[in-house]
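Q: Dropping a structure here in structure tokens format, bear with me for questions.
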Amino acid sequence: MELFISPSRVSRKQFENHFQKACIDELNIYNQAFLELSTPLLKATRIHPKTSHERGITFTLNGEAQGQVICLVDTYNKHIEKEDYFLSLFTESMNILIGKMLTEVENTSGPLCVISNPKRIKDSQLINDMLEDSHHAETYAVGYDLIHEQQEFPCRIYFNISKTNR
Amino acid sequence: MEAENTQYRILIVDDSDFSRNSISQMLDNPKYNIIGEAASAKEAINILKDRKAHLAIVDVVMPEVSGIELADYITENFSDTSIIMISSLGQESIVIDSISAGASDYIQKPFKKEDLITSVDKILSSIEEV
């Protein structure tokens, strides 16, 4: 299935390749946190619903590929002193990670995509509806660990591509 | 000519509190005076109407009004305020749009403190204080 129209037509396989290569192994977030790649980007086949310990944010994906990016961080059994600060750190970390990935994709002649400002999703059902929709679209998943104050917070990120821009 | 005791007034515009806080910490220096932190273009404009800024550090992606639209507005209405655009995105078209809107520099996140300071100092050094 051809998903995108760019100056050179990009097939699904090429799209996967572009995004896989764009995954960053490690990212320093202003010396206050680090992101480490834990699971490489792959086509998502099983998507687990959001748990009560996970916090979620979404970005709208626009440009030559359109859809959503859903990011979840698992806080199970972790000590978080300031919830608001941690959520802001997580949100900005995801913003930076995804922005850099999309930039790298375009730099390697992949589709040109941008993301919107992030939105925090407090409603678990809403997130689970989005995750459920992922089964009907082209969805790619990647895993990162967010390392902050000597704790590792597993993050799962879904690129849910619902439409191409012709 | 830059006076030795000049304190440069800087406005930080970013919808992320974490980002604003990080930038503010990087600029913790007697020569910089953070006159305000805005989470949106609207807040930034309200601050600029009230207080003069030598420099605005503006995030590209923000809700409702983008940083590029804000840069356009600042260039038009607050011509004494220089602009540095910041973003997680670094695509050429976005950089070009930012410069076209009046930005003097564009820095992709995450940036090192030294890189931000270098850019800030370079822009501020061209400002003449009366």
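Within each chain, counting starts at residue 1; across the structure tokens, chains are named A, B, ... in the order shown, with ligands numbered 1 upward in that order.
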I need the residues of region 23-158 of chain A that end up classed as helix (DSSP H, G or I) by DSSP on the backbone, written out as an MDAnalysis selection string.
A: chainID A and resid 83:107 124:136
Q: Enumerate as a PyMOL selection string the residues belonging to chain A that approach chain B to within 10 Å, with only C-alpha atoms taken into account.
A: chain A and resi 27-32+84-107+112-119
Q: Name the closest residue to Met85 (chain B) among the candidates B:Val120, B:Val65, B:Ile99, B:Val58; distances are taken between atoms, counting only C-alpha atoms.
A: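 Of all the options, B:Val58 lies closest to Met85 (chain B).
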Q: Which residues are close to Asp129 (chain A), i.e. within 12 Å by only C-alpha atoms, leaving aside same-chain residues fewer than 3 positions away? Reply as a VMD selection string.
A: chain A and resid 47 to 50 70 121 123 to 126 132 to 136
Q: Those residues with N, CA and C atoms, as a CSV table (one decimal), in the first residue's frame please?
A:
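Result went into part.csv, see below:
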chain,number,residue,atom,x,y,z
A,47,ILE,N,-1.9,-3.7,20.4
A,47,ILE,CA,-1.8,-2.4,21.1
A,47,ILE,C,-2.6,-2.6,22.4
A,48,HIS,N,-1.9,-2.5,23.5
A,48,HIS,CA,-2.5,-2.7,24.8
A,48,HIS,C,-3.2,-1.4,25.3
A,49,PRO,N,-4.4,-1.5,25.9
A,49,PRO,CA,-5.0,-0.3,26.4
A,49,PRO,C,-4.2,0.4,27.4
A,50,LYS,N,-4.5,1.7,27.6
A,50,LYS,CA,-3.8,2.5,28.6
A,50,LYS,C,-4.1,1.9,30.0
A,70,ILE,N,0.6,9.0,19.5
A,70,ILE,CA,0.1,8.8,20.9
A,70,ILE,C,1.3,8.4,21.7
A,121,ILE,N,-4.0,13.9,27.6
A,121,ILE,CA,-5.3,13.2,27.6
A,121,ILE,C,-5.5,12.6,28.9
A,123,ASP,N,-8.5,11.5,30.0
A,123,ASP,CA,-9.6,10.5,29.9
A,123,ASP,C,-9.1,9.2,29.3
A,124,SER,N,-9.0,8.1,30.1
A,124,SER,CA,-8.5,6.9,29.7
A,124,SER,C,-9.2,6.3,28.5
A,125,GLN,N,-10.6,6.5,28.5
A,125,GLN,CA,-11.4,5.9,27.5
A,125,GLN,C,-11.0,6.6,26.1
A,126,LEU,N,-10.8,7.9,26.2
A,126,LEU,CA,-10.4,8.6,24.9
A,126,LEU,C,-9.1,8.0,24.3
A,132,GLU,N,-7.5,2.0,19.9
A,132,GLU,CA,-8.4,1.0,19.2
A,132,GLU,C,-8.4,1.4,17.7
A,133,ASP,N,-8.5,2.7,17.4
A,133,ASP,CA,-8.5,3.1,16.0
A,133,ASP,C,-7.2,2.7,15.3
A,134,SER,N,-6.2,2.6,16.1
A,134,SER,CA,-4.9,2.3,15.5
A,134,SER,C,-4.9,0.9,14.8
A,135,HIS,N,-5.8,0.1,15.2
A,135,HIS,CA,-5.9,-1.2,14.5
A,135,HIS,C,-6.4,-1.1,13.1
A,136,HIS,N,-7.0,0.0,12.7
A,136,HIS,CA,-7.6,0.2,11.4
A,136,HIS,C,-6.8,1.1,10.5
Q: Rounded to one decimal in Å, what is the spacing between CA of Tyr73 (chain B) and CA of Ile117 (chain B)?
A: 24.6 Å
Q: What lies within 9 Å of Thr39 (chain A) using only C-alpha atoms, ignoring chain neighbours under 5 positions off, as number ranges by chain?
A: A: 141-144, 156
Q: Using DSSP on the backbone, list every residue of region 70-105 of chain B that comes out as strand (DSSP E), and give them as a ChimeraX atom specification.
A: /B:82-87,105
Q: Only all heavy atoms, please: the residues just picked out, written as a tab-separated table (two decimals), in the first residue's frame.
A:
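Result file again30.tsv:
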chain	number	residue	atom	x	y	z
B	82	SER	N	14.39	41.81	18.87
B	82	SER	CA	14.95	40.74	18.02
B	82	SER	C	14.32	39.41	18.42
B	82	SER	O	13.76	39.28	19.51
B	82	SER	CB	16.47	40.65	18.19
B	82	SER	OG	17.08	41.87	17.81
B	83	ILE	N	14.43	38.44	17.51
B	83	ILE	CA	13.75	37.17	17.75
B	83	ILE	C	14.69	36.00	17.48
B	83	ILE	O	15.40	35.98	16.47
B	83	ILE	CB	12.53	37.02	16.81
B	83	ILE	CG1	11.56	38.19	16.99
B	83	ILE	CG2	11.80	35.69	17.06
B	83	ILE	CD1	10.58	38.36	15.83
B	84	ILE	N	14.66	35.05	18.40
B	84	ILE	CA	15.29	33.74	18.16
B	84	ILE	C	14.15	32.72	18.17
B	84	ILE	O	13.37	32.66	19.12
B	84	ILE	CB	16.31	33.36	19.27
B	84	ILE	CG1	17.52	34.30	19.23
B	84	ILE	CG2	16.76	31.91	19.11
B	84	ILE	CD1	18.49	34.07	20.38
B	85	MET	N	14.04	31.94	17.11
B	85	MET	CA	13.02	30.88	17.06
B	85	MET	C	13.63	29.59	17.56
B	85	MET	O	14.80	29.28	17.26
B	85	MET	CB	12.52	30.67	15.63
B	85	MET	CG	11.88	31.88	15.00
B	85	MET	SD	10.41	32.48	15.86
B	85	MET	CE	9.26	31.19	15.50
B	86	ILE	N	12.84	28.83	18.31
B	86	ILE	CA	13.28	27.52	18.78
B	86	ILE	C	12.20	26.50	18.46
B	86	ILE	O	11.02	26.83	18.39
B	86	ILE	CB	13.55	27.51	20.31
B	86	ILE	CG1	12.30	27.96	21.10
B	86	ILE	CG2	14.75	28.39	20.65
B	86	ILE	CD1	12.45	27.81	22.61
B	87	SER	N	12.62	25.26	18.22
B	87	SER	CA	11.63	24.21	17.91
B	87	SER	C	12.28	22.85	17.94
B	87	SER	O	13.49	22.71	17.71
B	87	SER	CB	11.02	24.45	16.53
B	87	SER	OG	10.05	23.46	16.24
B	105	ASP	N	17.69	34.19	14.31
B	105	ASP	CA	18.35	32.89	14.41
B	105	ASP	C	17.29	31.83	14.67
B	105	ASP	O	16.15	32.12	15.07
B	105	ASP	CB	19.39	32.88	15.54
B	105	ASP	CG	20.43	31.77	15.38
B	105	ASP	OD1	20.35	30.97	14.40
B	105	ASP	OD2	21.34	31.68	16.23
Q: Go through A:Leu61, A:Ile80, A:Ala44, A:Leu37 one by one, measure the shortest atom-to-atom distance of each to Gln150 (chain A) using only C-alpha atoms, and give the residue with the smallest value.
A: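 Of A:Leu61, A:Ile80, A:Ala44, A:Leu37, the one nearest Gln150 (chain A) is A:Ile80, counting only C-alpha atoms.
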Q: Which value, in Å to one decimal, gives the distance between CA of Thr81 (chain B) and CA of Leu124 (chain B)?
A: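 About the pair CA of Thr81 (chain B) and CA of Leu124 (chain B): they are 10.1 Å apart.
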Q: Near Ala71 (chain B), within 7 Å and counting only C-alpha atoms, which residues show up once chain neighbours fewer than 5 positions away are dropped, as a PyMOL selection string?
A: chain B and resi 101-103
Q: Would you mind exporting N, CA, C and O atoms of the selected residues as a PDB file, in the first residue's frame?
A:
ATOM      1  N   ALA B 101       9.951  35.547   8.603  1.00  0.00           N
ATOM      2  CA  ALA B 101       9.060  36.252   9.542  1.00  0.00           C
ATOM      3  C   ALA B 101       9.822  37.230  10.426  1.00  0.00           C
ATOM      4  O   ALA B 101       9.225  37.954  11.220  1.00  0.00           O
ATOM      5  N   GLY B 102      11.158  37.240  10.290  1.00  0.00           N
ATOM      6  CA  GLY B 102      11.931  38.233  11.031  1.00  0.00           C
ATOM      7  C   GLY B 102      12.860  37.691  12.094  1.00  0.00           C
ATOM      8  O   GLY B 102      13.519  38.461  12.795  1.00  0.00           O
ATOM      9  N   ALA B 103      12.928  36.367  12.229  1.00  0.00           N
ATOM     10  CA  ALA B 103      13.823  35.791  13.232  1.00  0.00           C
ATOM     11  C   ALA B 103      15.281  36.001  12.823  1.00  0.00           C
ATOM     12  O   ALA B 103      15.624  35.890  11.651  1.00  0.00           O
TER      13      ALA B 103
END
Q: I'd like the interatomic distance between CA of Tyr106 (chain B) and CA of Ser119 (chain B), to a tenth of an Å.
A: 8.9 Å
Q: When distances are computed from only C-alpha atoms, which of A:Pro154, A:Asn128, A:Leu146, A:Tyr140 shows the smallest separation from Val69 (chain A)?
A: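 Of A:Pro154, A:Asn128, A:Leu146, A:Tyr140, the one nearest Val69 (chain A) is A:Tyr140, counting only C-alpha atoms.
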Q: If you count only C-alpha atoms, which residues fall within 12 Å of Ala53 (chain B), apart from same-chain ones fewer than 4 positions away, as a list of chain:residue names?
A: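 Returned residues: B:Gln7, B:Tyr8, B:Arg9, B:Ile10, B:Leu11, B:Ile12, B:Tyr32, B:Asn33, B:Ile34, B:Ile35, B:Gly36, B:Glu37, B:Ala44, B:Ile45, B:Ile47, B:Leu48, B:Lys49, B:Ile57, B:Ile74, B:Phe78, B:Ser79, B:Asp80, B:Thr81, B:Ser82, B:Ile83, B:Leu124, B:Ile127.
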Q: Those residues with N, CA and C atoms, as an mmCIF file, in the first residue's frame please?
A:
data_model
loop_
_atom_site.group_PDB
_atom_site.id
_atom_site.type_symbol
_atom_site.label_atom_id
_atom_site.label_comp_id
_atom_site.auth_asym_id
_atom_site.auth_seq_id
_atom_site.Cartn_x
_atom_site.Cartn_y
_atom_site.Cartn_z
ATOM 1 N N GLN B 7 21.706 45.681 31.003
ATOM 2 C CA GLN B 7 21.007 44.445 31.288
ATOM 3 C C GLN B 7 19.980 44.260 30.180
ATOM 4 N N TYR B 8 20.112 43.183 29.443
ATOM 5 C CA TYR B 8 19.259 42.970 28.293
ATOM 6 C C TYR B 8 17.960 42.289 28.709
ATOM 7 N N ARG B 9 16.872 42.830 28.189
ATOM 8 C CA ARG B 9 15.540 42.342 28.573
ATOM 9 C C ARG B 9 15.079 41.272 27.590
ATOM 10 N N ILE B 10 14.755 40.126 28.148
ATOM 11 C CA ILE B 10 14.430 38.968 27.313
ATOM 12 C C ILE B 10 13.066 38.406 27.685
ATOM 13 N N LEU B 11 12.300 38.085 26.655
ATOM 14 C CA LEU B 11 10.990 37.444 26.826
ATOM 15 C C LEU B 11 11.084 36.017 26.303
ATOM 16 N N ILE B 12 10.558 35.068 27.085
ATOM 17 C CA ILE B 12 10.560 33.655 26.673
ATOM 18 C C ILE B 12 9.129 33.243 26.349
ATOM 19 N N TYR B 32 21.369 39.346 31.829
ATOM 20 C CA TYR B 32 20.055 39.088 31.224
ATOM 21 C C TYR B 32 18.962 39.319 32.260
ATOM 22 N N ASN B 33 17.927 39.983 31.814
ATOM 23 C CA ASN B 33 16.774 40.198 32.682
ATOM 24 C C ASN B 33 15.569 39.567 31.995
ATOM 25 N N ILE B 34 15.064 38.459 32.549
ATOM 26 C CA ILE B 34 13.893 37.799 31.951
ATOM 27 C C ILE B 34 12.664 38.620 32.366
ATOM 28 N N ILE B 35 12.145 39.379 31.427
ATOM 29 C CA ILE B 35 11.033 40.286 31.766
ATOM 30 C C ILE B 35 9.699 39.570 31.816
ATOM 31 N N GLY B 36 9.668 38.371 31.270
ATOM 32 C CA GLY B 36 8.412 37.625 31.313
ATOM 33 C C GLY B 36 8.529 36.287 30.618
ATOM 34 N N GLU B 37 7.590 35.417 30.960
ATOM 35 C CA GLU B 37 7.471 34.113 30.313
ATOM 36 C C GLU B 37 6.030 33.975 29.848
ATOM 37 N N ALA B 44 2.310 36.726 25.107
ATOM 38 C CA ALA B 44 3.547 37.400 24.716
ATOM 39 C C ALA B 44 3.261 38.835 24.271
ATOM 40 N N ILE B 45 2.237 39.000 23.481
ATOM 41 C CA ILE B 45 1.894 40.340 22.985
ATOM 42 C C ILE B 45 1.485 41.240 24.137
ATOM 43 N N ILE B 47 2.524 41.081 27.165
ATOM 44 C CA ILE B 47 3.741 41.454 27.893
ATOM 45 C C ILE B 47 4.495 42.531 27.130
ATOM 46 N N LEU B 48 4.619 42.368 25.825
ATOM 47 C CA LEU B 48 5.383 43.332 25.018
ATOM 48 C C LEU B 48 4.725 44.711 24.980
ATOM 49 N N LYS B 49 3.417 44.740 25.120
ATOM 50 C CA LYS B 49 2.700 46.030 25.126
ATOM 51 C C LYS B 49 3.011 46.799 26.406
ATOM 52 N N ILE B 57 12.543 34.967 22.709
ATOM 53 C CA ILE B 57 12.876 33.591 22.316
ATOM 54 C C ILE B 57 11.544 32.880 22.152
ATOM 55 N N ILE B 74 5.555 40.539 15.840
ATOM 56 C CA ILE B 74 6.592 41.263 16.589
ATOM 57 C C ILE B 74 7.418 42.120 15.637
ATOM 58 N N PHE B 78 6.773 45.529 16.996
ATOM 59 C CA PHE B 78 7.790 45.767 18.018
ATOM 60 C C PHE B 78 9.153 45.590 17.344
ATOM 61 N N SER B 79 9.457 46.505 16.458
ATOM 62 C CA SER B 79 10.624 46.317 15.583
ATOM 63 C C SER B 79 11.956 46.355 16.332
ATOM 64 N N ASP B 80 11.937 46.876 17.565
ATOM 65 C CA ASP B 80 13.177 46.895 18.371
ATOM 66 C C ASP B 80 13.451 45.569 19.051
ATOM 67 N N THR B 81 12.520 44.643 18.937
ATOM 68 C CA THR B 81 12.676 43.339 19.598
ATOM 69 C C THR B 81 13.205 42.326 18.598
ATOM 70 N N SER B 82 14.394 41.808 18.869
ATOM 71 C CA SER B 82 14.951 40.738 18.022
ATOM 72 C C SER B 82 14.319 39.411 18.416
ATOM 73 N N ILE B 83 14.427 38.444 17.510
ATOM 74 C CA ILE B 83 13.746 37.171 17.746
ATOM 75 C C ILE B 83 14.689 35.999 17.479
ATOM 76 N N LEU B 124 22.385 40.266 20.706
ATOM 77 C CA LEU B 124 22.338 41.416 21.602
ATOM 78 C C LEU B 124 23.532 42.346 21.410
ATOM 79 N N ILE B 127 22.913 45.358 19.346
ATOM 80 C CA ILE B 127 21.957 46.355 19.817
ATOM 81 C C ILE B 127 22.726 47.507 20.447
#
Q: When you count only C-alpha atoms, which of these residues is closest to His79 (chain A): A:Ser162, A:Cys155, A:Pro111, A:His53?
A: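 Closest to His79 (chain A) of all the choices is A:His53.
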